[in-house]
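Visitor: Okay, so here is data_2.cif, and as you'll see once you scroll down, it has mmCIF, C-alpha atoms.
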```cif
data_my_file
loop_
_atom_site.label_atom_id
_atom_site.label_comp_id
_atom_site.auth_asym_id
_atom_site.auth_seq_id
_atom_site.Cartn_x
_atom_site.Cartn_y
_atom_site.Cartn_z
CA MET K 1 -126.80 47.31 -84.60
CA LYS K 2 -123.93 45.05 -85.55
CA LYS K 3 -123.42 46.89 -88.81
CA LYS K 4 -123.50 50.21 -86.99
CA ASN K 5 -120.76 49.08 -84.58
CA GLU K 6 -118.66 47.77 -87.46
CA ALA K 7 -119.00 51.13 -89.20
CA LYS K 8 -117.83 52.98 -86.08
CA ALA K 9 -114.86 50.61 -85.69
CA SER K 10 -113.92 51.12 -89.32
CA LYS K 11 -114.01 54.90 -88.85
CA ARG K 12 -111.77 54.63 -85.79
CA ILE K 13 -109.29 52.51 -87.69
CA ILE K 14 -109.32 54.89 -90.64
CA PHE K 15 -108.88 57.87 -88.28
CA ALA K 16 -105.97 56.20 -86.44
CA PHE K 17 -104.41 55.18 -89.74
CA GLY K 18 -104.78 58.77 -90.98
CA ILE K 19 -102.99 60.11 -87.89
CA ILE K 20 -100.16 57.61 -88.40
CA ILE K 21 -99.81 58.61 -92.04
CA ALA K 22 -99.83 62.33 -91.10
CA LEU K 23 -97.13 61.77 -88.48
CA PHE K 24 -95.09 59.73 -90.95
CA ILE K 25 -95.37 62.48 -93.58
CA ALA K 26 -94.37 65.12 -91.01
CA LEU K 27 -91.35 63.01 -90.04
CA ILE K 28 -90.32 62.64 -93.67
CA VAL K 29 -90.67 66.39 -94.23
CA ARG K 30 -88.57 67.12 -91.13
CA LEU K 31 -85.88 64.69 -92.25
CA ILE K 32 -85.79 66.32 -95.68
CA ILE K 33 -85.40 69.76 -94.07
CA LEU K 34 -82.62 68.53 -91.78
CA GLN K 35 -80.71 66.63 -94.44
CA ILE K 36 -81.05 69.10 -97.30
CA PHE K 37 -81.79 72.62 -96.08
CA GLU K 38 -80.13 72.63 -92.64
CA ALA K 39 -77.38 70.04 -93.21
CA ASP K 40 -74.53 72.54 -93.60
CA GLU K 41 -75.51 74.57 -90.54
CA LEU K 42 -75.91 71.50 -88.34
CA SER K 43 -72.61 70.08 -89.57
CA GLN K 44 -70.78 73.32 -88.72
CA LYS K 45 -72.37 73.42 -85.27
CA GLN K 46 -71.42 69.81 -84.61
CA GLU K 47 -67.83 70.42 -85.70
CA ALA K 48 -67.58 73.62 -83.64
CA PHE K 49 -68.88 72.08 -80.45
CA THR K 50 -67.70 68.49 -80.80
CA TYR K 51 -64.31 68.38 -82.50
CA LYS K 52 -61.32 70.36 -81.27
CA LYS K 53 -57.84 70.48 -82.78
CA ILE K 54 -54.80 70.45 -80.49
CA ASN K 55 -51.24 70.91 -81.75
CA ILE K 56 -48.76 68.23 -80.68
CA THR K 57 -45.31 69.71 -80.04
CA ALA K 58 -42.58 67.99 -82.00
CA SER K 59 -39.49 66.89 -80.12
CA ARG K 60 -36.45 68.95 -81.12
CA GLY K 61 -33.38 67.05 -82.25
CA ASP K 62 -30.47 66.47 -79.88
CA ILE K 63 -27.23 68.47 -80.00
CA TYR K 64 -23.99 66.50 -79.60
CA ASP K 65 -20.32 67.39 -79.37
CA ARG K 66 -17.82 65.79 -81.76
CA ASN K 67 -17.54 62.70 -79.50
CA MET K 68 -21.34 62.21 -79.41
CA ASN K 69 -21.76 63.49 -75.87
CA VAL K 70 -25.28 64.93 -75.50
CA LEU K 71 -25.27 68.69 -74.89
CA ALA K 72 -28.98 69.43 -75.39
CA MET K 73 -32.06 67.25 -75.63
CA ASP K 74 -35.85 67.26 -75.19
CA ALA K 75 -37.85 65.60 -72.44
CA ALA K 76 -41.59 65.01 -72.20
CA CYS K 77 -43.69 67.33 -70.04
CA SER K 78 -47.21 68.80 -70.23
CA LYS K 79 -49.00 71.99 -71.24
CA VAL K 80 -52.32 73.52 -70.25
CA SER K 81 -54.50 75.03 -72.96
CA ALA K 82 -58.02 76.41 -73.24
CA PHE K 83 -60.93 76.73 -75.65
CA PRO K 84 -62.22 80.16 -74.47
CA SER K 85 -65.69 79.69 -75.94
CA ASN K 86 -66.15 76.57 -73.77
CA VAL K 87 -64.99 78.06 -70.45
CA THR K 88 -68.18 78.34 -68.38
CA ASP K 89 -66.63 79.85 -65.25
CA PRO K 90 -63.70 82.08 -66.27
CA GLU K 91 -63.33 83.69 -62.82
CA GLY K 92 -63.18 80.40 -60.90
CA THR K 93 -61.08 78.70 -63.56
CA ALA K 94 -58.57 81.58 -63.67
CA ALA K 95 -58.30 81.57 -59.88
CA TYR K 96 -57.64 77.82 -59.79
CA LEU K 97 -55.14 77.76 -62.67
CA SER K 98 -53.22 80.81 -61.46
CA GLN K 99 -52.77 79.15 -58.07
CA VAL K 100 -51.66 75.75 -59.38
CA LEU K 101 -49.43 77.16 -62.14
CA GLY K 102 -48.02 80.08 -60.15
CA MET K 103 -49.28 82.62 -62.68
CA ASP K 104 -50.84 86.06 -62.45
CA TYR K 105 -54.63 85.80 -62.14
CA GLN K 106 -55.38 88.62 -64.58
CA SER K 107 -53.08 87.15 -67.22
CA VAL K 108 -54.86 83.78 -67.03
CA TYR K 109 -58.31 85.42 -66.95
CA ASN K 110 -57.53 87.48 -70.07
CA LYS K 111 -56.60 84.34 -71.98
CA LEU K 112 -59.69 82.46 -70.85
CA THR K 113 -62.03 85.27 -71.92
CA ASP K 114 -60.41 86.05 -75.28
CA THR K 115 -63.10 84.59 -77.53
CA SER K 116 -61.46 86.11 -80.62
CA VAL K 117 -59.31 82.96 -80.70
CA SER K 118 -60.59 79.39 -80.68
CA PHE K 119 -57.60 77.95 -78.81
CA VAL K 120 -54.91 79.38 -76.53
CA ASN K 121 -52.00 78.00 -74.50
CA ILE K 122 -52.16 78.94 -70.83
CA LYS K 123 -48.75 77.58 -69.81
CA ARG K 124 -46.24 75.21 -71.34
CA SER K 125 -43.55 72.96 -69.88
CA ILE K 126 -45.33 72.23 -66.62
CA ASP K 127 -44.49 69.33 -64.30
CA ASN K 128 -46.53 66.13 -64.35
CA THR K 129 -47.86 66.65 -60.80
CA SER K 130 -49.48 69.99 -61.67
CA ALA K 131 -50.72 68.59 -64.97
CA GLN K 132 -52.44 65.67 -63.23
CA GLN K 133 -53.96 68.00 -60.62
CA ILE K 134 -55.50 70.19 -63.32
CA GLU K 135 -56.68 67.21 -65.34
CA ASP K 136 -58.39 65.73 -62.26
CA ALA K 137 -60.19 69.05 -61.68
CA ASP K 138 -62.09 68.47 -64.97
CA LEU K 139 -62.47 72.17 -65.79
CA SER K 140 -64.77 73.17 -68.64
CA GLY K 141 -62.83 74.28 -71.72
CA ILE K 142 -59.43 73.33 -70.25
CA VAL K 143 -57.23 70.69 -71.88
CA VAL K 144 -54.00 69.13 -70.58
CA SER K 145 -51.82 67.66 -73.32
CA ASP K 146 -48.27 66.45 -73.97
CA ASP K 147 -45.47 68.95 -74.48
CA GLN K 148 -41.68 69.06 -74.81
CA LYS K 149 -39.11 70.87 -72.69
CA ARG K 150 -35.49 71.60 -73.57
CA TYR K 151 -32.81 70.32 -71.21
CA TYR K 152 -29.06 70.88 -71.26
CA SER K 153 -26.48 68.47 -69.84
CA ASP K 154 -24.98 71.41 -67.94
CA SER K 155 -26.84 74.72 -67.84
CA THR K 156 -23.54 76.63 -67.45
CA PHE K 157 -21.68 74.81 -70.24
CA ALA K 158 -21.09 76.22 -73.75
CA GLN K 159 -23.88 78.77 -73.34
CA TYR K 160 -22.83 81.04 -76.20
CA VAL K 161 -22.43 78.06 -78.52
CA LEU K 162 -25.65 76.20 -77.76
CA GLY K 163 -27.99 79.16 -77.22
CA PHE K 164 -31.53 78.55 -76.01
CA THR K 165 -35.19 78.22 -77.00
CA GLY K 166 -38.23 80.34 -76.15
CA VAL K 167 -41.53 79.38 -74.55
CA ASP K 168 -42.82 78.32 -77.98
CA HIS K 169 -39.94 75.81 -78.27
CA VAL K 170 -38.29 77.78 -81.08
CA GLY K 171 -34.54 78.49 -81.06
CA LEU K 172 -33.72 82.09 -80.19
CA TYR K 173 -29.93 82.13 -79.93
CA GLY K 174 -26.80 80.15 -80.79
CA ILE K 175 -26.99 76.76 -82.50
CA GLU K 176 -30.60 76.46 -81.36
CA ALA K 177 -31.48 79.47 -83.52
CA VAL K 178 -29.09 79.02 -86.45
CA TYR K 179 -30.15 75.40 -86.99
CA ASN K 180 -33.74 75.81 -85.79
CA ASN K 181 -35.19 74.50 -89.06
CA VAL K 182 -33.09 71.36 -88.71
CA LEU K 183 -33.80 70.79 -85.02
CA LYS K 184 -37.47 71.79 -84.71
CA GLY K 185 -39.26 68.87 -86.40
CA GLU K 186 -42.90 69.06 -87.55
CA ALA K 187 -45.79 69.50 -85.14
CA GLY K 188 -48.62 66.98 -85.13
CA VAL K 189 -52.36 67.55 -84.78
CA GLU K 190 -54.81 65.78 -82.52
CA THR K 191 -58.53 66.08 -83.26
CA VAL K 192 -60.33 65.46 -79.99
CA LEU K 193 -63.99 64.60 -79.56
CA SER K 194 -65.36 66.76 -76.74
CA ASP K 195 -68.66 67.70 -75.14
CA SER K 196 -70.26 71.15 -75.29
CA ALA K 197 -68.19 72.22 -72.27
CA GLY K 198 -64.94 71.39 -74.04
CA ARG K 199 -64.19 68.32 -71.92
CA GLU K 200 -62.47 65.52 -73.81
CA LEU K 201 -64.63 62.44 -74.36
CA GLN K 202 -63.24 58.93 -74.27
CA SER K 203 -64.03 57.93 -77.81
CA ASN K 204 -62.53 55.92 -80.63
CA SER K 205 -63.26 58.79 -83.01
CA THR K 206 -60.16 60.75 -81.88
CA VAL K 207 -57.90 61.21 -84.91
CA GLN K 208 -54.22 62.03 -84.40
CA LYS K 209 -51.43 63.01 -86.76
CA GLU K 210 -48.17 62.12 -85.07
CA ALA K 211 -45.50 64.80 -84.62
CA THR K 212 -42.25 64.27 -86.53
CA PRO K 213 -39.10 64.68 -84.36
CA GLY K 214 -36.41 67.08 -85.48
CA ASN K 215 -32.99 66.05 -86.74
CA ASN K 216 -29.90 65.87 -84.54
CA VAL K 217 -26.93 68.22 -84.88
CA VAL K 218 -23.31 67.20 -84.22
CA LEU K 219 -20.88 70.01 -83.44
CA THR K 220 -17.11 70.17 -83.90
CA ILE K 221 -16.88 71.22 -80.25
CA ASP K 222 -14.87 68.92 -77.97
CA SER K 223 -16.41 68.93 -74.48
CA VAL K 224 -13.04 68.42 -72.78
CA MET K 225 -11.42 71.34 -74.57
CA GLN K 226 -14.56 73.40 -74.02
CA TYR K 227 -14.29 72.76 -70.28
CA TYR K 228 -10.67 73.94 -70.14
CA ALA K 229 -11.42 76.95 -72.32
CA GLU K 230 -14.24 78.03 -70.01
CA GLU K 231 -12.03 77.56 -66.96
CA ALA K 232 -9.31 79.66 -68.60
CA VAL K 233 -11.59 82.59 -69.49
CA TYR K 234 -13.11 82.58 -66.01
CA ASN K 235 -9.69 82.70 -64.35
CA ALA K 236 -8.55 85.45 -66.72
CA TYR K 237 -11.71 87.43 -65.95
CA LYS K 238 -11.13 87.24 -62.20
CA LYS K 239 -7.35 87.79 -62.34
CA ASN K 240 -7.43 90.83 -64.59
CA ASP K 241 -10.70 92.37 -63.41
CA ALA K 242 -11.72 92.32 -67.05
CA LYS K 243 -14.99 93.47 -68.54
CA ARG K 244 -15.22 90.40 -70.75
CA VAL K 245 -12.93 87.53 -71.83
CA ILE K 246 -13.36 85.42 -74.98
CA ALA K 247 -11.39 82.38 -76.14
CA ILE K 248 -11.65 80.30 -79.31
CA VAL K 249 -9.77 77.05 -79.86
CA SER K 250 -9.49 75.65 -83.38
CA ASP K 251 -7.76 72.77 -85.13
CA PRO K 252 -4.90 74.34 -87.14
CA ASN K 253 -5.12 71.58 -89.75
CA THR K 254 -8.83 71.77 -90.50
CA GLY K 255 -9.98 75.08 -89.03
CA GLU K 256 -12.68 73.27 -87.03
CA ILE K 257 -13.77 75.06 -83.86
CA LEU K 258 -12.97 72.82 -80.88
CA ALA K 259 -14.00 75.23 -78.15
CA MET K 260 -15.58 78.66 -77.83
CA ALA K 261 -15.94 80.28 -74.42
CA ALA K 262 -16.81 83.68 -73.01
CA TYR K 263 -17.28 85.21 -69.58
CA PRO K 264 -19.47 86.70 -68.06
CA ALA K 265 -21.99 84.12 -69.22
CA TYR K 266 -25.58 83.16 -68.51
CA ASP K 267 -27.57 80.16 -67.30
CA LEU K 268 -29.12 78.09 -70.11
CA SER K 269 -32.02 77.11 -67.84
CA ASP K 270 -32.80 80.79 -67.14
CA PRO K 271 -31.27 82.90 -69.94
CA TRP K 272 -33.34 85.99 -69.15
CA THR K 273 -31.81 86.52 -65.72
CA ILE K 274 -28.63 88.63 -65.67
CA SER K 275 -25.84 87.12 -63.54
CA SER K 276 -24.18 89.20 -60.83
CA ASP K 277 -20.84 89.12 -62.69
CA TYR K 278 -22.50 90.31 -65.91
CA ALA K 279 -24.33 93.07 -64.08
CA SER K 280 -21.11 94.14 -62.38
CA ALA K 281 -19.04 94.14 -65.59
CA TYR K 282 -21.61 96.07 -67.59
CA ALA K 283 -23.05 98.23 -64.81
CA SER K 284 -21.88 101.48 -66.38
CA ASP K 285 -23.31 100.53 -69.78
CA MET K 286 -26.67 99.59 -68.31
CA ASN K 287 -26.78 102.77 -66.23
CA GLY K 288 -26.13 104.76 -69.38
CA LEU K 289 -29.05 103.03 -71.09
CA SER K 290 -31.36 103.70 -68.15
CA THR K 291 -30.60 107.40 -68.21
#
```
Kindly transcribe the structure held in the file into structure tokens.

Guide:
Amino acid sequence: MKKKNEAKASKRIIFAFGIIIALFIALIVRLIILQIFEADELSQKQEAFTYKKINITASRGDIYDRNMNVLAMDAACSKVSAFPSNVTDPEGTAAYLSQVLGMDYQSVYNKLTDTSVSFVNIKRSIDNTSAQQIEDADLSGIVVSDDQKRYYSDSTFAQYVLGFTGVDHVGLYGIEAVYNNVLKGEAGVETVLSDSAGRELQSNSTVQKEATPGNNVVLTIDSVMQYYAEEAVYNAYKKNDAKRVIAIVSDPNTGEILAMAAYPAYDLSDPWTISSDYASAYASDMNGLST
């Protein structure tokens, strides 16, 4: 009887040991499949759903007059961007963002649902209060990051000399455009670890390449002379009911431009809006274009 019981116990041990070995072999086979045959696919999936690249806007260089008075400079602000493939509620997200950012709902919705791109900017140069509000909302697929905004010491000063930048922070007119390659700097890249919903995770694995600021530009313009030149062209415009008045002041010894003014002008903080004086002076021309 004792031998019979020992035989049964031995069989149970052998059976249990066999199951353990079978499970161990199955585990090894699965590991081999994962590490050899499915490694590339799993790696791509992990990178697609875990790591996201965000461009860091480089600060443009400052613009100075000949006496090193600042005429244009950058200041830190924020931007709102999206990973369309990670936006789980495009309707609700578009409604919320359009309200906070003062944007058209359909425009925001179209960006959030455009899965042909992996990353899209919703709005740049937003104030810190709105940025914090959106960040606190913790919306799937939405990222709030640092940005740069262009400021001018006086938005009505030396407009035709300085020019302005577009929404992408690239110079479009004047010195801003002519010396864009000097001023623009080099954008950085931030690789952010995020969950499957596109929400940034607090992790030490975030890798960041710092943005390189642009170079400064010093003009031959003298701010004092520029002020008097602008006052002179404005007075001449009003006194003579002129269509446009232009004045250039140069140093007769060197040929350096000390001032360059024109009126009607525009507002550097809102260059796309036509002033009433400009509209009045060029009314006939614009009517001709409209017909």

Visitor: Extract, using all atoms listed in the file, all DNA, RNA and protein residues at most 12 Å from Leu172 in chain K, discarding same-chain residues fewer than 4 positions from it, and format them as an NGL selection string.

Guide: :K and (160 or 162-168 or 176-181 or 184 or 268 or 271-272)

Visitor: Do a neighbour search on Gln99 in chain K at 12 Å with all atoms listed in the file, toss out local chain neighbours closer than 5 positions, and write the hits as number ranges by chain.

Guide: K: 92-94, 104-106, 108, 130, 133-134

Visitor: Taking the file as shown, what set of residues would the PyMOL selection byres ((chain K and resi 158) around 12) give back, as a PyMOL selection string?

Guide: chain K and resi 63-65+71-72+152-157+159-164+174-175+219+221-231+247-248+258-263+265-268

Visitor: Just C-alpha atoms for this one: save the residues we selected as an mmCIF file, in the frame of the given file.

Guide:
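File result-v5.cif, as written:
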```cif
data_model
loop_
_atom_site.group_PDB
_atom_site.id
_atom_site.type_symbol
_atom_site.label_atom_id
_atom_site.label_comp_id
_atom_site.auth_asym_id
_atom_site.auth_seq_id
_atom_site.Cartn_x
_atom_site.Cartn_y
_atom_site.Cartn_z
ATOM 1 C CA ILE K 63 -27.230 68.470 -80.000
ATOM 2 C CA TYR K 64 -23.990 66.500 -79.600
ATOM 3 C CA ASP K 65 -20.320 67.390 -79.370
ATOM 4 C CA LEU K 71 -25.270 68.690 -74.890
ATOM 5 C CA ALA K 72 -28.980 69.430 -75.390
ATOM 6 C CA TYR K 152 -29.060 70.880 -71.260
ATOM 7 C CA SER K 153 -26.480 68.470 -69.840
ATOM 8 C CA ASP K 154 -24.980 71.410 -67.940
ATOM 9 C CA SER K 155 -26.840 74.720 -67.840
ATOM 10 C CA THR K 156 -23.540 76.630 -67.450
ATOM 11 C CA PHE K 157 -21.680 74.810 -70.240
ATOM 12 C CA GLN K 159 -23.880 78.770 -73.340
ATOM 13 C CA TYR K 160 -22.830 81.040 -76.200
ATOM 14 C CA VAL K 161 -22.430 78.060 -78.520
ATOM 15 C CA LEU K 162 -25.650 76.200 -77.760
ATOM 16 C CA GLY K 163 -27.990 79.160 -77.220
ATOM 17 C CA PHE K 164 -31.530 78.550 -76.010
ATOM 18 C CA GLY K 174 -26.800 80.150 -80.790
ATOM 19 C CA ILE K 175 -26.990 76.760 -82.500
ATOM 20 C CA LEU K 219 -20.880 70.010 -83.440
ATOM 21 C CA ILE K 221 -16.880 71.220 -80.250
ATOM 22 C CA ASP K 222 -14.870 68.920 -77.970
ATOM 23 C CA SER K 223 -16.410 68.930 -74.480
ATOM 24 C CA VAL K 224 -13.040 68.420 -72.780
ATOM 25 C CA MET K 225 -11.420 71.340 -74.570
ATOM 26 C CA GLN K 226 -14.560 73.400 -74.020
ATOM 27 C CA TYR K 227 -14.290 72.760 -70.280
ATOM 28 C CA TYR K 228 -10.670 73.940 -70.140
ATOM 29 C CA ALA K 229 -11.420 76.950 -72.320
ATOM 30 C CA GLU K 230 -14.240 78.030 -70.010
ATOM 31 C CA GLU K 231 -12.030 77.560 -66.960
ATOM 32 C CA ALA K 247 -11.390 82.380 -76.140
ATOM 33 C CA ILE K 248 -11.650 80.300 -79.310
ATOM 34 C CA LEU K 258 -12.970 72.820 -80.880
ATOM 35 C CA ALA K 259 -14.000 75.230 -78.150
ATOM 36 C CA MET K 260 -15.580 78.660 -77.830
ATOM 37 C CA ALA K 261 -15.940 80.280 -74.420
ATOM 38 C CA ALA K 262 -16.810 83.680 -73.010
ATOM 39 C CA TYR K 263 -17.280 85.210 -69.580
ATOM 40 C CA ALA K 265 -21.990 84.120 -69.220
ATOM 41 C CA TYR K 266 -25.580 83.160 -68.510
ATOM 42 C CA ASP K 267 -27.570 80.160 -67.300
ATOM 43 C CA LEU K 268 -29.120 78.090 -70.110
#
```

Visitor: Could you spell out the hits of the PyMOL selection byres ((chain K and resi 276) around 12) on the shown file, as a count of residues only?

Guide: 15

Visitor: Which one is closest to Phe83 in chain K: K:Leu183, K:Val117, K:Ala211, K:Val192? Count only C-alpha atoms.

Guide: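 Comparing K:Leu183, K:Val117, K:Ala211, K:Val192 against Phe83 in chain K, the winner is K:Val117.
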
Visitor: Apply the PyMOL selection byres ((chain K and resi 123-128) around 9) to the file shown and report the selected residues as number ranges by chain.

Guide: K: 76-81, 101, 103, 121-122, 129-133, 147-150, 167-168

Visitor: Between CA of Val170 in chain K and CA of Ile54 in chain K, what is the distance in Å, rounded to a tenth?

Guide: 18.1 Å

Visitor: Please, what distance in Å, to one decimal, runs between CA of Asn67 in chain K and CA of Ala232 in chain K?

Guide: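 CA of Asn67 in chain K sits 21.8 Å away from CA of Ala232 in chain K.
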
Visitor: With only C-alpha atoms as the atoms that count, which of K:Asn235, K:Gly214, K:Val182, K:Asn55 lies nearest to Val144 in chain K?

Guide: K:Asn55

Visitor: For each of K:Glu186, K:Asp270, K:Asp136, K:Glu210, take the minimum atom-to-atom distance to Tyr151 in chain K, counting only C-alpha atoms, then give the residue where this is smallest.

Guide: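 Nearest candidate to Tyr151 in chain K out of K:Glu186, K:Asp270, K:Asp136, K:Glu210: K:Asp270.
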
Visitor: Which residue out of K:Ala22, K:Val189, K:Ala58, K:Val217 has the minimum interatomic distance to Ala75 in chain K when all atoms listed in the file are used?

Guide: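 Ranked by minimum distance to Ala75 in chain K, first place goes to K:Ala58.
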
Visitor: Between CA of Ser269 in chain K and CA of Asp62 in chain K, what is the spacing in Å?

Guide: 16.1 Å

Visitor: Take every atom of range 133-136 of chain K listed in the file, pad by 8 Å on each side, and give me the axis-aligned box centre and edge lengths in Å, one decimal, as JSON.

Guide:
```
{"center_x": -56.2, "center_y": 68.0, "center_z": -63.0, "size_x": 20.4, "size_y": 20.5, "size_z": 20.7}
```

Visitor: Pick out the closest residue to Asp138 in chain K from this set: K:Leu97, K:Ile28, K:Ile14, K:Ala242. Count all atoms listed in the file.

Guide: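 Among the listed residues, K:Leu97 lies closest to Asp138 in chain K.
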
Visitor: With all atoms listed in the file as the atoms that count, which of K:Thr220, K:Ser107, K:Ile20, K:Gly102 lies nearest to Met68 in chain K?

Guide: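 With all atoms listed in the file as the atom set, the closest residue is K:Thr220.
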